[in-house]
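One structure below.
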Amino acid sequence: MTMIPEIVTTAAKKDEQFLRRKTAPFDFAAHSPKEVRELVARMKRIMHEANGVGLSANQIGLDLKVFVAEVPDAQGGMKFYAIFNPEIEKAGKDTAVMEEGCLSIPGAWGDVTRASQIAIRGYDRNGKPVKIKAWGFLARVFQHEIDHLNGKLFIDRAKAVHYENAKEAPHGQPRI
């Protein structure tokens, strides 16, 4: 399995501890517009190199409450999101189970139950407030990334975790 060196994984205990901490709110006053653009571009590049659909700042070692995501839209194109200080404002009662994996836990997969529809609020890369209603796969990606920013990993929610290769299971867990 190819590892992207910039992605923090659970392979090392200290890195897992970092991933399990809540991230610090992003302060637009402390970052220039150029720094924000560079951060978003770096996160998008790393996400693409890893063939991911979402990436949180803590997954690249930054204690910042921001994520990027890129998923297919209704017209068949790709829609890119960069959300700063995201919060789930509302989650629908309907849920769906879907297999998830994570760039920070290479080779692991598990069925995770998540809300089918959510509404989030946060800020765009210009510091302007945004509200987004999401359903289906987009809602799942947003919930996965917001979980990251809150120190939660998909393996904490999965009913059972399966590993492609027992050698890649964190902390010597057996293949399930």
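Residue numbers start at 1 in each chain; chains themselves are named A, B, ... in the order of the structure tokens; ligands are numbered from 1 in the order shown.
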Give me the residues within 6 Å of region 99-115 of chain A as a PDB file with N, CA and C atoms, in the first residue's frame, counting only C-alpha atoms and dropping any in the same chain fewer than 6 places off.
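File written: selection.pdb
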ATOM      1  N   VAL A   8      -0.765  12.019   8.415  1.00  0.00           N
ATOM      2  CA  VAL A   8      -0.564  11.460   9.748  1.00  0.00           C
ATOM      3  C   VAL A   8      -1.449  10.218   9.858  1.00  0.00           C
ATOM      4  N   THR A   9      -0.848   9.102  10.288  1.00  0.00           N
ATOM      5  CA  THR A   9      -1.605   7.858  10.419  1.00  0.00           C
ATOM      6  C   THR A   9      -1.579   7.363  11.866  1.00  0.00           C
ATOM      7  N   THR A  10      -2.395   6.361  12.122  1.00  0.00           N
ATOM      8  CA  THR A  10      -2.466   5.766  13.451  1.00  0.00           C
ATOM      9  C   THR A  10      -1.340   4.768  13.685  1.00  0.00           C
ATOM     10  N   GLY A  92     -30.466  14.802  10.376  1.00  0.00           N
ATOM     11  CA  GLY A  92     -31.762  14.158  10.194  1.00  0.00           C
ATOM     12  C   GLY A  92     -31.850  12.863  10.983  1.00  0.00           C
ATOM     13  N   ARG A 157     -16.712   4.396  15.372  1.00  0.00           N
ATOM     14  CA  ARG A 157     -18.139   4.266  15.041  1.00  0.00           C
ATOM     15  C   ARG A 157     -18.469   2.958  14.317  1.00  0.00           C
ATOM     16  N   ALA A 158     -17.467   2.323  13.737  1.00  0.00           N
ATOM     17  CA  ALA A 158     -17.700   1.125  12.918  1.00  0.00           C
ATOM     18  C   ALA A 158     -18.120  -0.059  13.791  1.00  0.00           C
ATOM     19  N   ALA A 160     -17.658  -3.231  12.905  1.00  0.00           N
ATOM     20  CA  ALA A 160     -16.511  -4.139  12.824  1.00  0.00           C
ATOM     21  C   ALA A 160     -15.528  -3.508  11.853  1.00  0.00           C
ATOM     22  N   VAL A 161     -14.248  -3.633  12.154  1.00  0.00           N
ATOM     23  CA  VAL A 161     -13.221  -3.084  11.287  1.00  0.00           C
ATOM     24  C   VAL A 161     -12.488  -4.251  10.639  1.00  0.00           C
ATOM     25  N   HIS A 162     -12.286  -4.144   9.335  1.00  0.00           N
ATOM     26  CA  HIS A 162     -11.598  -5.180   8.568  1.00  0.00           C
ATOM     27  C   HIS A 162     -10.319  -4.574   8.016  1.00  0.00           C
ATOM     28  N   TYR A 163      -9.259  -5.368   8.005  1.00  0.00           N
ATOM     29  CA  TYR A 163      -7.967  -4.900   7.508  1.00  0.00           C
ATOM     30  C   TYR A 163      -7.579  -5.683   6.272  1.00  0.00           C
ATOM     31  N   GLU A 164      -7.082  -4.961   5.246  1.00  0.00           N
ATOM     32  CA  GLU A 164      -6.644  -5.607   4.008  1.00  0.00           C
ATOM     33  C   GLU A 164      -5.464  -6.522   4.266  1.00  0.00           C
TER      34      GLU A 164
END
Using the chain letters and numbers from this document, which residues of region 81-147 of chain A does DSSP assign to strand (DSSP E), as a ChimeraX atom specification? /A:81-91,95-102,105-115,117-123,129-135
Keeping only C-alpha atoms, write the selected residues to a file as a compact mmCIF listing (two decimals), in the first residue's frame.
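Written output follows (part36.txt):
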# COMPACT_ATOMS: atom_id res chain seq x y z
CA TYR A 81 -15.39 22.39 -0.52
CA ALA A 82 -13.01 24.06 1.93
CA ILE A 83 -14.82 24.57 5.25
CA PHE A 84 -13.31 26.35 8.24
CA ASN A 85 -14.63 25.87 11.80
CA PRO A 86 -17.43 23.53 10.66
CA GLU A 87 -20.20 22.45 13.00
CA ILE A 88 -23.13 20.16 12.41
CA GLU A 89 -26.15 22.34 12.99
CA LYS A 90 -28.74 19.65 12.41
CA ALA A 91 -28.74 15.94 11.63
CA THR A 95 -29.58 6.97 8.84
CA ALA A 96 -27.67 4.87 6.35
CA VAL A 97 -24.93 2.29 6.74
CA MET A 98 -21.99 2.44 4.35
CA GLU A 99 -18.48 1.07 4.30
CA GLU A 100 -15.88 3.72 5.12
CA GLY A 101 -12.12 3.88 5.07
CA CYS A 102 -9.72 6.62 6.10
CA ILE A 105 -5.88 4.32 8.87
CA PRO A 106 -4.52 2.68 5.71
CA GLY A 107 -5.99 -0.69 4.80
CA ALA A 108 -8.88 -0.51 7.30
CA TRP A 109 -12.57 -0.57 6.37
CA GLY A 110 -15.78 -0.81 8.34
CA ASP A 111 -19.53 -0.26 8.13
CA VAL A 112 -20.50 3.04 9.73
CA THR A 113 -24.01 4.32 10.45
CA ARG A 114 -24.42 8.05 9.82
CA ALA A 115 -27.24 10.54 9.35
CA GLN A 117 -29.00 14.36 5.83
CA ILE A 118 -27.22 17.09 7.74
CA ALA A 119 -26.92 20.85 7.82
CA ILE A 120 -23.53 22.32 8.64
CA ARG A 121 -22.32 25.82 9.25
CA GLY A 122 -18.84 27.24 9.10
CA TYR A 123 -16.80 29.65 7.02
CA PRO A 129 -20.21 32.39 6.93
CA VAL A 130 -21.67 29.44 5.02
CA LYS A 131 -24.50 27.01 5.66
CA ILE A 132 -24.68 23.83 3.64
CA LYS A 133 -27.42 21.22 3.53
CA ALA A 134 -25.99 17.88 2.53
CA TRP A 135 -27.45 14.43 1.97
Tell me which protein, DNA and RNA residues are within 7 Å of region 20-25 of chain A, counting only C-alpha atoms, leaving out same-chain ones fewer than 3 positions away, and put them as a list of chain:residue names.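 Those residues are A:Glu16, A:Gln17, A:Asp63, A:Leu64, A:Lys65, A:Asn85, A:Leu149, A:Asn150, A:Gly151, A:Lys152.
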Write the residues of the preceding selection, restricted to C-alpha atoms, as a short mmCIF file (atom, residue, chain, number, x, y, z; two decimals), in the first residue's frame.
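Result file is result32.cif:
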data_model
loop_
_atom_site.label_atom_id
_atom_site.label_comp_id
_atom_site.auth_asym_id
_atom_site.auth_seq_id
_atom_site.Cartn_x
_atom_site.Cartn_y
_atom_site.Cartn_z
CA GLU A 16 -2.88 8.50 16.90
CA GLN A 17 -3.03 10.59 20.08
CA ASP A 63 -4.01 21.66 14.78
CA LEU A 64 -6.59 23.66 12.82
CA LYS A 65 -10.34 23.22 12.45
CA ASN A 85 -14.63 25.87 11.80
CA LEU A 149 -11.69 17.68 13.71
CA ASN A 150 -13.36 16.58 16.95
CA GLY A 151 -10.80 13.82 17.58
CA LYS A 152 -12.99 10.92 16.52
#
Write out as a ChimeraX atom specification all residues of region 135-166 of chain A that backbone DSSP assigns to alpha helix (DSSP H). /A:136-149,154-157
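Proximity of A:Asp27, A:Glu6, A:Asp73, A:Asp15 to Glu49 (chain A), computed with only C-alpha atoms, is greatest for A:Glu6.
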Skip Ala69 (chain A) itself and residues of its chain fewer than 6 positions away, then list as a list in words all residues within 9 Å of it, counting only C-alpha atoms.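 Returned residues: Lys44, Met47, Gly52, Val53, Gly54, Leu55, Ser56, Lys79, Phe80, Tyr81, Ala82, Ile83, Leu138, Val141, Phe142 and Glu145 of chain A.
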So how many Å separate CA of Phe18 (chain A) and CA of Arg42 (chain A), to one decimal?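 Value for the CA of Phe18 (chain A)-CA of Arg42 (chain A) distance: 19.9 Å.
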Check the smallest atom-to-atom distance from each of A:Ala12, A:Ile146, A:Leu62, A:Val68 to Phe26 (chain A) using only C-alpha atoms, then report the winner. A:Leu62
Compile the contact shell of Asn126 (chain A) as a list in words: residues with an atom at most 9 Å away, counting only C-alpha atoms, same-chain residues fewer than 2 positions apart removed. Phe28, Pro33, Val36, Tyr123, Asp124, Lys128 and Pro129 of chain A
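The space separating CA of Ala41 (chain A) from CA of Leu19 (chain A) comes to 21.4 Å.
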Using only C-alpha atoms: which of A:Met78, A:Ile7, A:Lys159, A:His148 has the shortest distance to Ala50 (chain A): A:Ile7
The distance between CA of Ile46 (chain A) and CA of Gln59 (chain A) is 10.1 Å
